[in-house]
Amino acid sequence: MRIGVLGTGMVGQTIAGKLVALGHEVMMGSRSAANEQAREWVAASGSSASQGTFAEAAVFGELLFNCTAGAGSLDALRSAHSDDLAHKILIDVANPLDFSQGMPPSLLVVNTDSLGEQIQRAFPDAKVVKALNTINCAVMVDPARIPGEHDIFLAGDDDAAKQAVRDLLQSFGWAADRIIDLGDITAARATEMYLPLWLRLMGELQTGDFNIKVVR
């Protein structure tokens, strides 16, 4: 599959690297087609990796990942033509973190809205699925880093899109019965609002290698 990964940071590079390892063709998108981080990633990733602008990655991908910083996600996506996002699955991994007052960050949008919903409203013809935003990027693509069973969440309005994301998550190593569908895209509020607790836990545990398990 051709997949566009928007964002050149640690999350984008980790997900893009896993996708290449799984045999996908991946274009990493950024503000500039000459982005140095993307260039270095392409050089290290082989012939299935390429780079371009956000708009070029949106055209390239049959499926897209939003791995940009949440505060800039809408601007990054708006730099692409809406027709190039239409009818495509857009997996939103970003969190709307506000670092303007220092650490720990607060949330730019909360309670009655979410970044996932904002993206879906801005691109109504895209199939936005919120997923992977509650864990460290290394755990996203290698859940076995954490011993035992633990859970991942997804949310979105399109059931077929969510099934496709389930399949992709299973290719990352997630067990089918540990992927919990929280419902429509408004559930992104809940997973995004988990981030303040996640950040506190990371600070206390001094590692990002942790997750939660829902005990029934």
# chains A, B, ... in the order shown; residues from 1 in each chain; ligands from 1
>>> closest_atom_pairs(of="stretch 110-130 of chain A", to="stretch 151-154 of chain A", cutoff="12 Å", atoms="only C-alpha atoms", output="JSON lines")
{"residue": "A:Gly116", "atom": "CA", "partner": "A:Leu154", "partner_atom": "CA", "distance": 11.0}
{"residue": "A:Val128", "atom": "CA", "partner": "A:Leu154", "partner_atom": "CA", "distance": 10.3}
{"residue": "A:Val129", "atom": "CA", "partner": "A:Leu154", "partner_atom": "CA", "distance": 6.6}
{"residue": "A:Lys130", "atom": "CA", "partner": "A:Leu154", "partner_atom": "CA", "distance": 5.4}
>>> residues_around(residues="A:Ile91", least_positions_apart="2", cutoff="9 Å", atoms="only C-alpha atoms", output="JSON, numbers by chain")
{"A": [63, 64, 65, 66, 67, 89, 93, 127, 128, 129, 130, 131, 132, 165]}
>>> write_last_selection(atoms="C-alpha atoms", output="PDB file, in the first residue's frame")
ATOM      1  CA  LEU A  63      -4.015   5.930   3.485  1.00  0.00           C
ATOM      2  CA  LEU A  64      -2.632   8.799   5.574  1.00  0.00           C
ATOM      3  CA  PHE A  65      -1.198   9.276   9.057  1.00  0.00           C
ATOM      4  CA  ASN A  66      -1.296  12.645  10.795  1.00  0.00           C
ATOM      5  CA  CYS A  67       1.816  12.633  12.975  1.00  0.00           C
ATOM      6  CA  ILE A  89      -8.561   6.941   5.766  1.00  0.00           C
ATOM      7  CA  VAL A  93      -2.189  10.212  16.014  1.00  0.00           C
ATOM      8  CA  LYS A 127     -12.459   9.088   6.993  1.00  0.00           C
ATOM      9  CA  VAL A 128     -10.786  10.225  10.200  1.00  0.00           C
ATOM     10  CA  VAL A 129      -9.881   7.545  12.736  1.00  0.00           C
ATOM     11  CA  LYS A 130      -8.319   8.584  16.029  1.00  0.00           C
ATOM     12  CA  ALA A 131      -5.815   5.966  17.160  1.00  0.00           C
ATOM     13  CA  LEU A 132      -2.406   5.399  18.788  1.00  0.00           C
ATOM     14  CA  VAL A 165      -7.205   0.540  10.948  1.00  0.00           C
TER      15      VAL A 165
END
>>> atom_distance(atom1="atom CA of A:Ala33", atom2="atom CA of A:Phe54")
8.4 Å
>>> closest_residue(among="A:Met1, A:Leu115, A:Ala55, A:Leu90", to="A:Gly72", atoms="only C-alpha atoms")
A:Leu115
>>> closest_residue(among="A:Ile135, A:Ala161, A:Ile146, A:Ala80", to="A:Leu197", atoms="only C-alpha atoms")
A:Ile135
>>> select_by_dssp(residues="chain A", states="helix (DSSP H, G or I)", output="count of residues only")
94
>>> residues_around(residues="A:Leu74", least_positions_apart="2", cutoff="9 Å", atoms="only C-alpha atoms", output="list in words")
Gly70, Ala71, Gly72, Ala76, Leu77, Arg78, Ser79, Leu115, Gln118, Ile119 and Ala122 of chain A
>>> write_last_selection(atoms="N, CA and C atoms", output="mmCIF file, in the first residue's frame")
data_model
loop_
_atom_site.group_PDB
_atom_site.id
_atom_site.type_symbol
_atom_site.label_atom_id
_atom_site.label_comp_id
_atom_site.auth_asym_id
_atom_site.auth_seq_id
_atom_site.Cartn_x
_atom_site.Cartn_y
_atom_site.Cartn_z
ATOM 1 N N GLY A 70 0.115 18.556 17.349
ATOM 2 C CA GLY A 70 -1.309 18.860 17.329
ATOM 3 C C GLY A 70 -1.638 20.319 17.089
ATOM 4 N N ALA A 71 -0.820 21.218 17.610
ATOM 5 C CA ALA A 71 -1.092 22.646 17.438
ATOM 6 C C ALA A 71 -1.019 23.069 15.979
ATOM 7 N N GLY A 72 -0.283 22.326 15.166
ATOM 8 C CA GLY A 72 -0.137 22.679 13.759
ATOM 9 C C GLY A 72 -0.816 21.722 12.800
ATOM 10 N N ALA A 76 -1.225 22.042 8.689
ATOM 11 C CA ALA A 76 -0.505 21.084 7.848
ATOM 12 C C ALA A 76 -1.457 20.404 6.876
ATOM 13 N N LEU A 77 -2.599 19.973 7.375
ATOM 14 C CA LEU A 77 -3.566 19.289 6.522
ATOM 15 C C LEU A 77 -4.189 20.238 5.504
ATOM 16 N N ARG A 78 -4.393 21.480 5.905
ATOM 17 C CA ARG A 78 -4.982 22.452 4.981
ATOM 18 C C ARG A 78 -4.030 22.843 3.865
ATOM 19 N N SER A 79 -2.759 22.541 4.017
ATOM 20 C CA SER A 79 -1.820 22.819 2.932
ATOM 21 C C SER A 79 -1.994 21.829 1.786
ATOM 22 N N LEU A 115 -9.253 17.523 18.794
ATOM 23 C CA LEU A 115 -8.536 17.706 17.536
ATOM 24 C C LEU A 115 -9.079 16.756 16.477
ATOM 25 N N GLN A 118 -12.133 18.247 15.055
ATOM 26 C CA GLN A 118 -11.823 19.419 14.247
ATOM 27 C C GLN A 118 -11.324 19.017 12.866
ATOM 28 N N ILE A 119 -10.495 17.985 12.830
ATOM 29 C CA ILE A 119 -9.992 17.500 11.539
ATOM 30 C C ILE A 119 -11.139 16.925 10.712
ATOM 31 N N ALA A 122 -13.144 19.784 9.322
ATOM 32 C CA ALA A 122 -12.418 20.514 8.283
ATOM 33 C C ALA A 122 -12.364 19.732 6.978
#
>>> residues_around(residues="A:Met10", least_positions_apart="2", cutoff="10 Å", atoms="only C-alpha atoms", output="count of residues only")
13
>>> atom_distance(atom1="atom CA of A:Arg145", atom2="atom CA of A:Ser48")
25.8 Å
>>> residues_around(residues="A:Val59", least_positions_apart="5", cutoff="12 Å", atoms="only C-alpha atoms", output="list of chain:residue names")
A:Arg2, A:Ile3, A:Gly4, A:Val5, A:Leu6, A:Val26, A:Met27, A:Met28, A:Gly29, A:Gly52, A:Thr53, A:Phe54, A:Leu64, A:Leu77, A:Ser79, A:Ala80, A:His81, A:Ser82, A:Asp83, A:Asp84, A:Leu85, A:Ala86, A:Lys88
>>> closest_residue(among="A:Pro96, A:Glu149, A:Thr134, A:Ala175", to="A:Met202", atoms="only C-alpha atoms")
A:Thr134
>>> residues_around(residues="A:Ala144", least_positions_apart="6", cutoff="12 Å", atoms="only C-alpha atoms", output="mmCIF file with N, CA and C atoms, in the first residue's frame")
data_model
loop_
_atom_site.group_PDB
_atom_site.id
_atom_site.type_symbol
_atom_site.label_atom_id
_atom_site.label_comp_id
_atom_site.auth_asym_id
_atom_site.auth_seq_id
_atom_site.Cartn_x
_atom_site.Cartn_y
_atom_site.Cartn_z
ATOM 1 N N ALA A 138 7.243 4.230 20.327
ATOM 2 C CA ALA A 138 7.895 2.919 20.244
ATOM 3 C C ALA A 138 6.904 1.806 20.543
ATOM 4 N N HIS A 150 -2.239 -5.426 27.111
ATOM 5 C CA HIS A 150 -2.600 -4.026 27.342
ATOM 6 C C HIS A 150 -3.359 -3.529 26.129
ATOM 7 N N ASP A 151 -4.013 -2.372 26.254
ATOM 8 C CA ASP A 151 -5.052 -1.987 25.314
ATOM 9 C C ASP A 151 -4.716 -0.738 24.503
ATOM 10 N N PHE A 172 0.928 -4.310 13.207
ATOM 11 C CA PHE A 172 1.934 -3.731 14.102
ATOM 12 C C PHE A 172 2.214 -4.645 15.294
ATOM 13 N N GLY A 173 1.347 -5.622 15.525
ATOM 14 C CA GLY A 173 1.530 -6.542 16.638
ATOM 15 C C GLY A 173 0.457 -6.488 17.705
ATOM 16 N N TRP A 174 -0.554 -5.653 17.507
ATOM 17 C CA TRP A 174 -1.620 -5.547 18.498
ATOM 18 C C TRP A 174 -2.590 -6.713 18.362
ATOM 19 N N ALA A 175 -2.922 -7.338 19.467
ATOM 20 C CA ALA A 175 -3.888 -8.430 19.462
ATOM 21 C C ALA A 175 -5.277 -7.869 19.178
ATOM 22 N N ASP A 209 7.663 3.489 28.244
ATOM 23 C CA ASP A 209 7.279 2.100 27.997
ATOM 24 C C ASP A 209 6.274 1.624 29.033
ATOM 25 N N PHE A 210 5.058 2.139 28.916
ATOM 26 C CA PHE A 210 3.960 1.693 29.787
ATOM 27 C C PHE A 210 2.656 1.891 29.030
ATOM 28 N N ASN A 211 1.628 1.230 29.485
ATOM 29 C CA ASN A 211 0.301 1.368 28.891
ATOM 30 C C ASN A 211 -0.705 0.926 29.928
#
>>> atom_distance(atom1="atom CA of A:Pro196", atom2="atom CA of A:Ile179")
21.7 Å
>>> closest_residue(among="A:Lys213, A:Thr207, A:Trp198, A:Arg189", to="A:Gly148", atoms="only C-alpha atoms")
A:Lys213
